[in-house]
Structures are given as C-alpha cells and as structure tokens.
Amino acid sequence: MAPNLKNILNWQFTRHFLRLSVPLVLVLVAVLWLLYRTHIATTLTIMQTNEQQSIQLANQTVDAVFGVLHGDALYLAENSSLQQWLDTGDSAIRSHLNADFLAFTRSRRLYDQVRFLDQHGQEVVRANWNDGQPEVVAEEQLQSKLDSYYVKNTLALNERVVFMSPFDLNIEHDIIEQPIKPTIRLSTPVFDSKGQKRGLVVLNYRGQRLLNRLRAIADKSPGSLWLLNKKSYWLLGPHPDMEWGFMYPDRQTMRFDHKYGEDIWLSMLHGLQFNQWLDEKGLFTYTRITPATAEIASTEPENYVGNEQWIVVAHIPPSGISASTVKHVHNLIIAFMVLAPLLALLSGIITYYDMRRRQAEANARSSEARFRGLLELAPDGIVITDRSGRITMVNAQTEKWFGYTKNELIGQPIEKLVPERFRATHPAHRQNYLANPVVRPMGAGLELYGRRSDDSEFPVEISLSPLKTNQGLLVTSIIRDITARKQAEEMQEQIRIRYEKLVNNLPVGVYRNKPDKIGKFLEVNQAMVDIFEAESIEQLLAHPFSESYCDPVDRETFIDTVMRQGHVRDHEVCLKTLQGREFHAALTAVMKKDASGEIFFDGIMQDISERKEAERKVQQLNESLRARSMELETINQELEAFSYSVSHDLRAPLRAIDGFSRTLLSEYTDRLDEKGQDRLCRIRAAAQRMANLIDDLLKLSRVTRTELKWKSVDLTQLASEVIEELRQDEPERAVQFSVQPGMIVHGDARLLRVVMDNLLGNAWKFTSQRAEARIEVGCNPDGKLTYYVRDNGAGFDMAYADKLFGAFQRLHDTNEFSGTGIGLATVQRVIHKHGGRIWARSAVDQGAIFYFTLNEKESI
C-alpha cells in the first residue's frame, strides 16, 4: 500500500502543481503579452504624434518663410530710392538705389540675387550674395531677361501681387550651377507715383535655407522628413542623389510614386489636406502645402500668383518601428525567464504545504481576495444583488458615483439606487430578468438613470450578468456613468444645429453635387433656393443642375477644371433660374470623395449679376472719363497759351503806362497842378497793381500745373527761414514768433515754401497794427496731423469765410492792408495738390488761425 499511496500522493501533487503553475505561467505570458502590446501601441501613438508635430512644424516653417518673402518683395517694390529714381531718373538717386539693394542683400542674407528690371526686362540694378560677400553688379554686366517666364508673368500682374516660380536649381549658361543652389524666384510689378507700371523686382530666394530648416525638424524626429513637388519628385529626400530628379536626365525615375506606389501618391495629391496611416511600407504622415494660397501670419492677407504645390511627408519605415520595440521584447523575455521559474517554484511550495483541503481553502481565499481587488479597481460601478433584489456587494466606484457608503447599501433593495419615477415598475422588470437570466444590457434602447444620495440623477448604462453560487443566484450589475458622453452628444447636436443655421443664413449659396451627366444637387442651403427662384429646397434638389447652364460648354469646362486641379475659385458662368431668368454667377468648388470613393463637389455660389452690371457701367464711365480727359488736355493747352499772352502781351502796355506816367511826374511837374499830379500817381499805382495781379495770376497757374516732387521736408526750418526774411525786411517791428520743432512732412519743398510764404506773410501783414504782435506755427497730433499758423492780428468776420480762398477776394480795404487777394487761393491749391485741406477760424480784431493737413499716406 505504501508504494501505491506514494504514487497517488505524487500524482495528486503533480496534478495540483500543474493546476497552479500552468495558469500562473499563462497569466504571466498574458500579462507580458499585454505589456508588449501596450508598449507597441504607446510607441506607435508617440511616433504618430511626433510625426504629426513634425508635419505641423514644417507647415508653419513654410508659412513663416513665405510671409517674410512676400513682405520683402513688396517692400523693395515700394522702396523710396526706387520710387524717386523712377520719378526723376537722377544718377545720384540711382547710386542710392544701388546702395539700398546692396544693404538689403547684406542684412537679409536670404537671397542669392536681388534685382530690379525695367518694363522691357532689362536689369537696372542687381545685387549678388556672392557667397557672403554681397556686391552690386556693374552696369555693363547687367543682362536682359525679357524672355524669362517670370518677367512676362510678373509684368501681367496688378499692384501688390507677388509671382512665385517653381522650386528648382539655379542654372547658369544652360548648366546646373555647382555646388547646387536650390532657388525660388519671387517677383512683383513696380509702379511709379503716377500709377504707371515701370518694371519688376525679382528676389532669388536661397531655398537651401528652407531645406536646412526642414532637415533640422527631421533630425529631432525618429523618421525622415521629405519635401515633394506636385510631380512626385523629391526636393528634400532620403538621399541627395535622389533629389531634384526633374533637373537631371539620369534621375527622371527617382520619384516618390515609383518607390512607394502610385496609389499612395495619388492619395496624398488628391486626398485629404492632412492625413496619416500605417501599412506594410511604414508610417506615413503628410500635408499638402500650396505656397501661393497659404495663410501667412501677417497683418494683411498675402496675394500670391503661382501654381506651385508641395507635399511634406514624414515617413518611418517598418524597421524603424520594430527597432523601437526590440529592447522592450528583450526585457520581457528576461522577465519571463526569471519569473516563470519563480512561479514554478512558488507553485511547488504552495502545492507541497497546502495540498488537499488547506490548499483548496487557501486557493478559495486567494480567489476571493483577487476578485475583491479586481472589483475595487474596476473603472465602472459594480453592484451584486441576490434573487430578492437586495444588495450583497458594491465596489468603491459605486460609492463614489451614488454618494452612499457600503454599509448604507449592503442589505438594501436595489430600488434605492433607482429614481423615484421608475421605482414602481422596476420590480416587475427585475422578475422578468430572473425568469431568463442571461448576460445582456439592461433596458436596451431606453435612457436609464441612477439616483444619488442627494436625490440628483445621472444617465447610466447597465450590463446584467447572472452568477450561480451555493448561496443561490446572484446578479452582477455593471454600471457606467455616461454623463460626459451625453454632454458630448448634446454638444455635437448643438454644433450640428448651429452649423446648419450658419450655412442656411449665409448670404451666398452653399451646395454639394455630383459631376455626373445630370448633376443633381445633393445638399443646398436657403440662399441657393433664393438664387434659383425655387419654391422649396426639395424642388431645387429634384432639378438637374446641368439644365441650369445657359451654355453646356461652360459646365464641361467647369467640371474639367475642378477634376484636373482639385478645386476652382470664382469661376464665372451664365446660369438660369427655375423660372427661366438668366443671371451671372461665380462658382467656387472643391473635389472630394466619400467613403465609397464616389467623387462629389462641395462649393459656394454667388449671384454677381449686379457686379457685372456695375462693371459694365464702370467701363462706360471710364470711356467717358477718357473723352473728358482729352477735353481737359485741350483746355490746359488753351490756358497755357492764355498765360503766355498775359505774361508777354499785357506786360508791355502796362510798362508803357507806368513809364510815361513816371516821366510826366518827373519832367512836367511844374506844368501840372496838384490834382493832375494826383491823377498821374493813381494811374501809375493802378498799372503797378495790375502788373502785380498778372504776376499773381501766373503764379497761381504755375502752382496748378506743377508736378509734385515728393521728399522729406522740414516744415519747422521752412517756417524759420520765412520768418527771418520778414524780420530782415522790417527790422524795426517787434514780433514774437513761436515755431514748434520737429515738424517733418512728406511733400514738395518748393510748394510748401509758397504755403509758408503766404500764410506767414499774411500773419505779418495783419499784425502790423498790434503793439505786441504774436505769430505761432505748430501742429496738433489729433489722429491725422493738423498744422496751423496763428496770429493776434486784425482777424475777419467768419460770415465771409466762404470767400476767403477765392481769387481776388479781399476782406480788408487795400488802403488798410496791401495785397491782390491771390495768396490764399494759391495756398489752397498747393494744399489740395498734396491731398489735404485748409480752413480758418477768426473773429474781428481777435486774430486768425489757419489750419491745414497733408495726405496721411504720404506723411512720415
């Protein structure tokens, strides 16, 4: 019996050992496997997040770079030295222009070449970076670039529009320059002060700087960062020998779609703007960048012209992904090799000491402890009830959600956790479940709520699971608080309603349709119904959009453009409403695909009939203005002839009258009585006054015809010079002057001197009868700068202020104050030519103050 008993005990030991050790090892394997899977998922998530951040950083880098380039191009086009040279052609100013371009090239350090070309494509100024030693190219070495594509494209643009060339390598004498110089050319037309197009500014951006910044981003990420053009060639690739394939005949096949497949490439080119996926070729993250329409971080929206499109791709190969998990797998294997024998040893010890009943009791207690531990750690509330519906066990999450302690719930009916309005029917539902106890959700399709200790309610989901025990049937309820989910659903519904209201309230039509033969609308907003004069949205959705085109060819052209480019903006067509009325519309659309791969167009539509009619009227007005301009030119020529006649033909008889009168007074005084001498003096004074009137009229005419020469003018210095001259003419007068310092304006210095001469001359004249005369010149910085000349002289009645700036209009007798009445009319014309205005405030015997402004756009 002893050997048999020993064999039985050995068998029982082995059996219990295996029952204990094998599950433990399997649990260990499962735990290690879960750790491995969790590590892989976490690593992949981190990689995906890092790659997304790399793509976003690359996109922001490109936006920032092109914001700077756009600003630089417009800055040089409006350079003051360039504008002055265009207006004057002065060689000295051209030297300043050369110096400005050289200083810009040296300070910016971004451009290989900075050039200004005239309207015939001839280089006028060119500053070369020259590998860090900037220099201005001599005039005899300047070249003609008339045949260059960017010259023709740029000269066709409007003001403040920038043309951007493709990103390629610089070529000199039909050979790629070595070392290579990746280059992007940005150019913008240049207009002079008269609004005439005089040439263009061209910037050759050193694209290697952008590529280096993208490489710096790639160095901080686990994968590679590539830059592709829209033809699938690498501008920044896995290896320098694979880059710029379109520039080298022997690299034509080195393209992204050849290496990674045309399907992936087309998905990047025509799919979502930004996307990320993982397949057998690795982790791909990309975004499409269109520099010509990118939103640059600046105070004004950028205006580019160009069809360049790039795709930034971040790629981690499968080997790179698996490499990140090798060390972790090695650690898990070591852990298994260490823990598995320990578990086996532990199982043997437990089996040896707790075999039979004590082993069973220990296992039971251990199982109960594990069960309670899992119960307490569960993220959901767990409530276990008996067949009568009384609570036998709850976990900590239940206490937290319902606000009761375990002691307050154990032994209580489950209805204590049910809202008052559901308690009456809940026992019947509970009995129905006990009649067929299976694992299932509670109240499928219904909204369930739990009741807290403070009588507040919250939405829940409940799963029921029966458990047969020696004590009878137990029901486990797993309760989940879905308040956050409900709030999210309500928020999504509110967002959907707001979006729908927003779309329906837009003043432009919003639509979705398929580019098929019929082209019915899939979705429209209310504005589309109004545009097409439909009775309802349903009527418009049933109407074939293809029948709304006045010319079917326009629809084919529109669809072809969207399918080829992926989008179209402000495409003008002639359509007709459901009532047959024709109208002009501007269509904007983007091509998209649904989950099944079907193509559809999302777009907006604007009725531009009023704008087209306005454009027609504007064209008629322009034609009328051209005719009027020719008439004014004829009138100006006649005025020139009249001025010449006044200057030469009228002066001679006046000089004769004055001369003979002076002769009579000097040689025949003894033959004339006092009355005769008085009459001759009056004749002579009238002739001199008429000569002064003629001179003033000619000055007024010259002011009207004079072309402004804009530059910085020190108004303080001008006023001081005029005051000094007035003092020299009448040194015996005591006049207190006050001139505000630092008044710097932008205008024509010669004409502004005329303003100061007349205003200060009037102030000097009309204060001549004051014992303590005061004259003040200054400005008021009240939004737009307002300059003034104030005196405490004779003043005038404001009732006659409307006549103040008319020619030959005088508010004082000539015997009291001399003058022809032309001065203030001349001042007003000078101020108007500067884009400003002039007015006055005064009272009789209380002095006067004259205010004037200059054009804000021209002021410094």
# chains A, B, ... in the order shown; residues from 1 in each chain; ligands from 1
$ residues_around --residues "Gly566 in chain A" --least-positions-apart "3" --cutoff "9 Å" --atoms "only C-alpha atoms" --output "number ranges by chain"
A: 270, 561-563, 589-592
$ atom_distance --atom1 "CA of Glu139 in chain A" --atom2 "CA of Val125 in chain A"
7.8 Å
$ residues_around --residues "range 401-415 of chain A" --least-positions-apart "4" --cutoff "7 Å" --atoms "only C-alpha atoms" --output "VMD selection string"
chain A and resid 389 to 394 397 423 451 to 453
$ closest_residue --among "A:Glu489, A:Glu724, A:Asp602, A:Asp481" --to "Thr398 in chain A" --atoms "only C-alpha atoms"
A:Asp481
$ select_by_dssp --residues "range 147-343 of chain A" --states "alpha helix (DSSP H)" --output "PyMOL selection string"
chain A and resi 149-155+208-219+256-260+262-270+318-343
$ residues_around --residues "Ala340 in chain A" --least-positions-apart "6" --cutoff "9 Å" --atoms "only C-alpha atoms" --output "count of residues only"
5
$ closest_residue --among "A:Leu785, A:Leu142, A:Leu283, A:Ile180" --to "Asn50 in chain A" --atoms "only C-alpha atoms"
A:Leu283
$ residues_around --residues "Ser193 in chain A" --least-positions-apart "6" --cutoff "12 Å" --atoms "only C-alpha atoms" --output "ChimeraX atom specification"
/A:77-80,82-88,707-710,858
$ write_last_selection --atoms "N, CA, C and O atoms" --output "compact mmCIF listing (two decimals), in the first residue's frame"
# COMPACT_ATOMS: atom_id res chain seq x y z
N ALA A 77 9.52 96.80 -53.82
CA ALA A 77 8.76 97.44 -54.89
C ALA A 77 8.37 98.87 -54.51
O ALA A 77 8.17 99.70 -55.38
N GLU A 78 8.25 99.15 -53.20
CA GLU A 78 7.86 100.47 -52.75
C GLU A 78 9.04 101.25 -52.15
O GLU A 78 8.86 102.24 -51.46
N ASN A 79 10.27 100.77 -52.40
CA ASN A 79 11.46 101.42 -51.86
C ASN A 79 11.51 102.89 -52.28
O ASN A 79 11.28 103.23 -53.45
N SER A 80 11.79 103.77 -51.34
CA SER A 80 11.75 105.20 -51.62
C SER A 80 12.78 105.60 -52.67
O SER A 80 12.51 106.43 -53.55
N LEU A 82 13.97 103.75 -55.06
CA LEU A 82 13.48 103.27 -56.36
C LEU A 82 12.40 104.19 -56.90
O LEU A 82 12.40 104.56 -58.08
N GLN A 83 11.46 104.61 -56.02
CA GLN A 83 10.38 105.48 -56.47
C GLN A 83 10.93 106.84 -56.92
O GLN A 83 10.49 107.40 -57.93
N GLN A 84 11.91 107.39 -56.18
CA GLN A 84 12.49 108.67 -56.58
C GLN A 84 13.23 108.55 -57.91
O GLN A 84 13.16 109.44 -58.76
N TRP A 85 13.93 107.44 -58.09
CA TRP A 85 14.65 107.27 -59.36
C TRP A 85 13.68 107.13 -60.52
O TRP A 85 13.92 107.65 -61.62
N LEU A 86 12.57 106.42 -60.30
CA LEU A 86 11.57 106.28 -61.36
C LEU A 86 10.99 107.64 -61.73
O LEU A 86 10.66 107.89 -62.89
N ASP A 87 10.83 108.53 -60.72
CA ASP A 87 10.24 109.84 -61.00
C ASP A 87 11.23 110.81 -61.63
O ASP A 87 10.85 111.66 -62.44
N THR A 88 12.52 110.69 -61.27
CA THR A 88 13.50 111.70 -61.70
C THR A 88 14.52 111.16 -62.69
O THR A 88 15.00 111.89 -63.55
N GLU A 707 4.11 119.65 -61.21
CA GLU A 707 4.10 118.25 -60.77
C GLU A 707 4.86 118.14 -59.45
O GLU A 707 5.96 118.67 -59.29
N LEU A 708 4.24 117.45 -58.50
CA LEU A 708 4.83 117.34 -57.16
C LEU A 708 6.09 116.46 -57.19
O LEU A 708 6.14 115.45 -57.87
N LYS A 709 7.09 116.89 -56.42
CA LYS A 709 8.31 116.10 -56.22
C LYS A 709 8.39 115.77 -54.73
O LYS A 709 8.81 116.57 -53.91
N TRP A 710 7.96 114.56 -54.41
CA TRP A 710 7.83 114.16 -53.00
C TRP A 710 9.20 113.89 -52.37
O TRP A 710 10.04 113.24 -52.95
N GLU A 858 1.16 109.95 -47.53
CA GLU A 858 2.47 110.45 -47.93
C GLU A 858 3.27 111.01 -46.76
O GLU A 858 4.42 111.38 -46.90
$ atom_distance --atom1 "CA of Ile264 in chain A" --atom2 "CA of Met164 in chain A"
27.7 Å
$ atom_distance --atom1 "CA of Tyr449 in chain A" --atom2 "CA of Pro419 in chain A"
6.9 Å
$ residues_around --residues "Ser477 in chain A" --least-positions-apart "6" --cutoff "9 Å" --atoms "only C-alpha atoms" --output "list in words"
Gly381, Ile382, Val383, Ile384, Thr385, Met442, Ile462, Ser463, Leu464, Ser465 and Pro466 of chain A
